[in-house]
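Source file: model_30.csv. Holds: CSV, C-alpha atoms.
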```
chain,number,residue,atom,x,y,z
A,1,MET,CA,0.0,0.0,0.0
A,2,LYS,CA,1.3,3.4,-0.9
A,3,LYS,CA,1.6,6.1,1.8
A,4,ASN,CA,-0.3,8.6,-0.3
A,5,SER,CA,-3.3,6.4,-1.0
A,6,PRO,CA,-6.7,7.3,0.5
A,7,LEU,CA,-6.9,3.8,2.2
A,8,PHE,CA,-3.6,4.4,3.9
A,9,PHE,CA,-4.8,7.7,5.5
A,10,VAL,CA,-8.1,6.0,6.7
A,11,ILE,CA,-6.2,3.2,8.3
A,12,ALA,CA,-3.6,5.5,9.9
A,13,THR,CA,-6.4,7.8,11.2
A,14,ILE,CA,-8.3,4.8,12.7
A,15,LEU,CA,-5.1,3.4,14.3
A,16,GLY,CA,-4.2,6.8,15.7
A,17,CYS,CA,-7.6,7.3,17.3
A,18,ALA,CA,-7.6,3.9,18.8
A,19,SER,CA,-4.2,4.5,20.4
A,20,GLU,CA,-5.3,7.8,21.8
A,21,ASN,CA,-8.5,6.3,23.3
A,22,SER,CA,-6.7,3.4,24.9
A,23,SER,CA,-4.6,5.4,27.3
A,24,ALA,CA,-4.7,4.6,31.0
A,25,PRO,CA,-7.2,6.4,33.2
A,26,THR,CA,-5.9,9.5,35.0
A,27,LYS,CA,-5.1,8.9,38.6
A,28,THR,CA,-6.2,11.5,41.2
A,29,ALA,CA,-5.7,12.1,44.9
A,30,PRO,CA,-7.9,10.0,47.2
A,31,GLN,CA,-11.3,11.3,48.4
A,32,LEU,CA,-12.3,10.9,52.0
A,33,THR,CA,-14.3,12.4,54.9
A,34,THR,CA,-13.2,13.1,58.5
A,35,THR,CA,-15.2,11.6,61.4
A,36,THR,CA,-16.4,13.5,64.4
A,37,ALA,CA,-14.0,13.8,67.3
A,38,SER,CA,-14.7,11.8,70.4
A,39,ASN,CA,-13.1,10.8,73.7
A,40,ILE,CA,-11.9,14.4,74.2
A,41,THR,CA,-9.8,14.8,77.3
A,42,LEU,CA,-7.3,17.4,78.6
A,43,ASN,CA,-4.6,16.2,76.2
A,44,SER,CA,-6.1,13.7,73.8
A,45,ALA,CA,-8.9,12.8,71.5
A,46,THR,CA,-10.0,10.3,68.9
A,47,SER,CA,-11.0,10.9,65.3
A,48,GLY,CA,-10.6,9.1,62.0
A,49,GLY,CA,-11.7,9.0,58.4
A,50,SER,CA,-13.6,7.2,55.7
A,51,ILE,CA,-11.9,6.8,52.3
A,52,THR,CA,-14.5,6.9,49.6
A,53,SER,CA,-12.2,6.7,46.6
A,54,ASP,CA,-8.6,5.6,46.2
A,55,GLY,CA,-8.2,7.9,43.1
A,56,GLY,CA,-7.4,4.9,40.9
A,57,ASP,CA,-4.2,3.9,42.8
A,58,ASN,CA,-3.2,2.2,46.1
A,59,ILE,CA,-3.4,4.3,49.3
A,60,THR,CA,0.1,4.3,50.7
A,61,THR,CA,-0.6,6.1,54.0
A,62,LYS,CA,-3.6,7.6,55.8
A,63,GLY,CA,-4.3,9.3,59.2
A,64,ILE,CA,-5.2,12.5,60.9
A,65,VAL,CA,-3.3,15.8,60.8
A,66,TRP,CA,-4.0,18.6,63.3
A,67,ASN,CA,-2.9,22.1,64.3
A,68,ILE,CA,-4.1,25.2,66.2
A,69,SER,CA,-4.4,26.9,62.9
A,70,PRO,CA,-7.0,26.0,60.2
A,71,SER,CA,-6.2,23.8,57.1
A,72,PRO,CA,-3.4,21.6,58.5
A,73,THR,CA,-1.4,19.6,56.0
A,74,THR,CA,0.8,16.5,56.1
A,75,SER,CA,3.9,18.8,56.1
A,76,LEU,CA,3.3,19.2,59.8
A,77,SER,CA,4.7,16.7,62.4
A,78,THR,CA,1.4,16.6,64.2
A,79,LYS,CA,-0.1,13.7,62.4
A,80,THR,CA,-0.9,10.0,62.8
A,81,SER,CA,-0.2,7.2,60.4
A,82,GLU,CA,-2.7,4.4,60.2
A,83,GLY,CA,-1.1,2.3,57.5
A,84,SER,CA,-2.3,1.8,53.9
A,85,GLY,CA,-5.5,0.7,52.1
A,86,ILE,CA,-9.0,1.9,51.5
A,87,GLY,CA,-11.8,2.0,54.1
A,88,ASN,CA,-12.5,3.4,57.5
A,89,PHE,CA,-9.8,4.1,60.1
A,90,SER,CA,-9.5,5.6,63.6
A,91,SER,CA,-6.7,7.6,65.1
A,92,SER,CA,-5.7,8.5,68.7
A,93,ILE,CA,-4.5,12.0,68.9
A,94,SER,CA,-2.2,12.8,71.9
A,95,ASN,CA,0.1,15.5,73.4
A,96,LEU,CA,-2.6,18.2,73.1
A,97,ASN,CA,-2.8,21.2,75.4
A,98,PRO,CA,-5.8,21.7,77.8
A,99,SER,CA,-8.4,24.4,76.9
A,100,THR,CA,-7.1,24.6,73.3
A,101,THR,CA,-9.0,24.5,70.0
A,102,TYR,CA,-7.5,22.3,67.4
A,103,TYR,CA,-8.4,21.9,63.7
A,104,LEU,CA,-8.0,18.5,62.2
A,105,ARG,CA,-8.8,16.5,59.1
A,106,ALA,CA,-8.2,13.1,57.7
A,107,TYR,CA,-5.7,12.5,54.9
A,108,ALA,CA,-4.8,9.8,52.5
A,109,THR,CA,-2.0,9.6,50.0
A,110,ASN,CA,-1.4,7.7,46.8
A,111,SER,CA,1.0,8.2,43.8
A,112,ALA,CA,-1.1,11.1,42.5
A,113,GLY,CA,-1.0,13.1,45.8
A,114,THR,CA,-2.7,13.6,49.1
A,115,GLY,CA,-6.4,14.1,49.6
A,116,TYR,CA,-7.9,15.7,52.7
A,117,GLY,CA,-11.3,15.1,54.4
A,118,ASN,CA,-13.5,17.9,55.7
A,119,GLU,CA,-12.0,20.0,58.5
A,120,ILE,CA,-13.4,19.7,62.0
A,121,SER,CA,-12.5,21.4,65.2
A,122,LEU,CA,-12.3,20.3,68.8
A,123,THR,CA,-11.5,22.0,72.1
A,124,THR,CA,-9.7,20.0,74.7
A,125,ASN,CA,-11.1,20.0,78.3
A,126,ALA,CA,-10.1,22.6,80.8
A,127,ILE,CA,-8.1,21.8,83.9
A,128,VAL,CA,-10.6,22.0,86.8
A,129,LEU,CA,-9.0,23.0,90.1
A,130,PRO,CA,-10.5,21.4,93.2
A,131,THR,CA,-12.5,23.5,95.6
A,132,ILE,CA,-11.0,23.4,99.0
A,133,SER,CA,-12.7,24.7,102.2
A,134,THR,CA,-11.3,24.8,105.7
A,135,THR,CA,-13.2,24.5,108.9
A,136,THR,CA,-12.4,26.1,112.2
```
Output the structure of this file as structure tokens.
Amino acid sequence: MKKNSPLFFVIATILGCASENSSAPTKTAPQLTTTTASNITLNSATSGGSITSDGGDNITTKGIVWNISPSPTTSLSTKTSEGSGIGNFSSSISNLNPSTTYYLRAYATNSAGTGYGNEISLTTNAIVLPTISTTT
């Protein structure tokens, strides 16, 4: 078949379209939600996440990240690591300060990036000093 024949152009166009459409799906960061905080004490709390989509690739790490400022990211050292894989997870958050508001969100990472759940806030319990009375 000659390269300048009409049949050659039709076949080349069909093969070109087929190769363009057969590309691998685009991978995205995971999608997830943050669960409500519970078991809040003077210096600890529990939260977690629910991964609703792995973004087309394996989850390599997941957990909770927190800070006293909104929108915490995994660049902070204040985070947990709950392993890999899709699904629900729970994290124990510790070393918090009493009477302090913290912002936290779940995170999950795959080869395309890190996805974050909705941000929630919690306020740790206050230190309650005992009441002392003396008698005469």
**Item:** Which residue of A:Glu82, A:Ala108, A:Ile127, A:Ser71 approaches Thr52 in chain A most closely, using only C-alpha atoms
**Value:**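 Ranked by minimum distance to Thr52 in chain A, first place goes to A:Ala108.
A straight line drawn from CA of Ile93 in chain A to CA of Gly56 in chain A is 29.0 Å long.
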**Request:** Go ahead and find all residues with at least one atom no further than 10 Å from (-14.2, 13.6, 45.8) in the file's coordinates, using all atoms listed in the file; report them as an MDAnalysis selection string.
**Result:** chainID A and resid 28:33 51:55 115:117
**Length of the CA of Ala126 in chain A to CA of Ser77 in chain A vector [Å]** =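 CA of Ser77 in chain A lies at a distance of 24.3 Å from CA of Ala126 in chain A.
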**Asked** Skipping near chain neighbours, those fewer than 3 positions away, what residues fall within 7 Å of Ser81 in chain A using all atoms listed in the file, listed as a list in words?
**Response** Thr61, Lys62 and Gly63 of chain A
**Item:** Residue neighbourhood Ser94 in chain A, 7 Å, only C-alpha atoms, exclusion window fewer than 6 positions, as a VMD selection string
**Value:** chain A and resid 43 to 45
**Request:** Could you please determine the separation between CA of Thr35 in chain A and CA of Ile64 in chain A in Å, to one decimal place?
**Result:**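 Result for CA of Thr35 in chain A versus CA of Ile64 in chain A: 10.1 Å, one decimal.
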**Expected answer as a list in words: all residues with atoms within 9 Å of (-11.5, 20.8, 67.5), only C-alpha atoms** =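 Result, sorted by chain then residue number: Ala37, Trp66, Ile68, Thr100, Thr101, Tyr102, Tyr103, Leu104, Ile120, Ser121, Leu122, Thr123 and Thr124 of chain A.
Closest approach to Thr78 in chain A from the set A:Ile132, A:Ala112, A:Val65, A:Ile59 is made by A:Val65, with distances taken over all atoms listed in the file.
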**Message:** Given only C-alpha atoms as the basis, pick out the residue of A:Thr46, A:Ser23, A:Asn125, A:Thr134 nearest to Ser91 in chain A.
**Reply:** A:Thr46
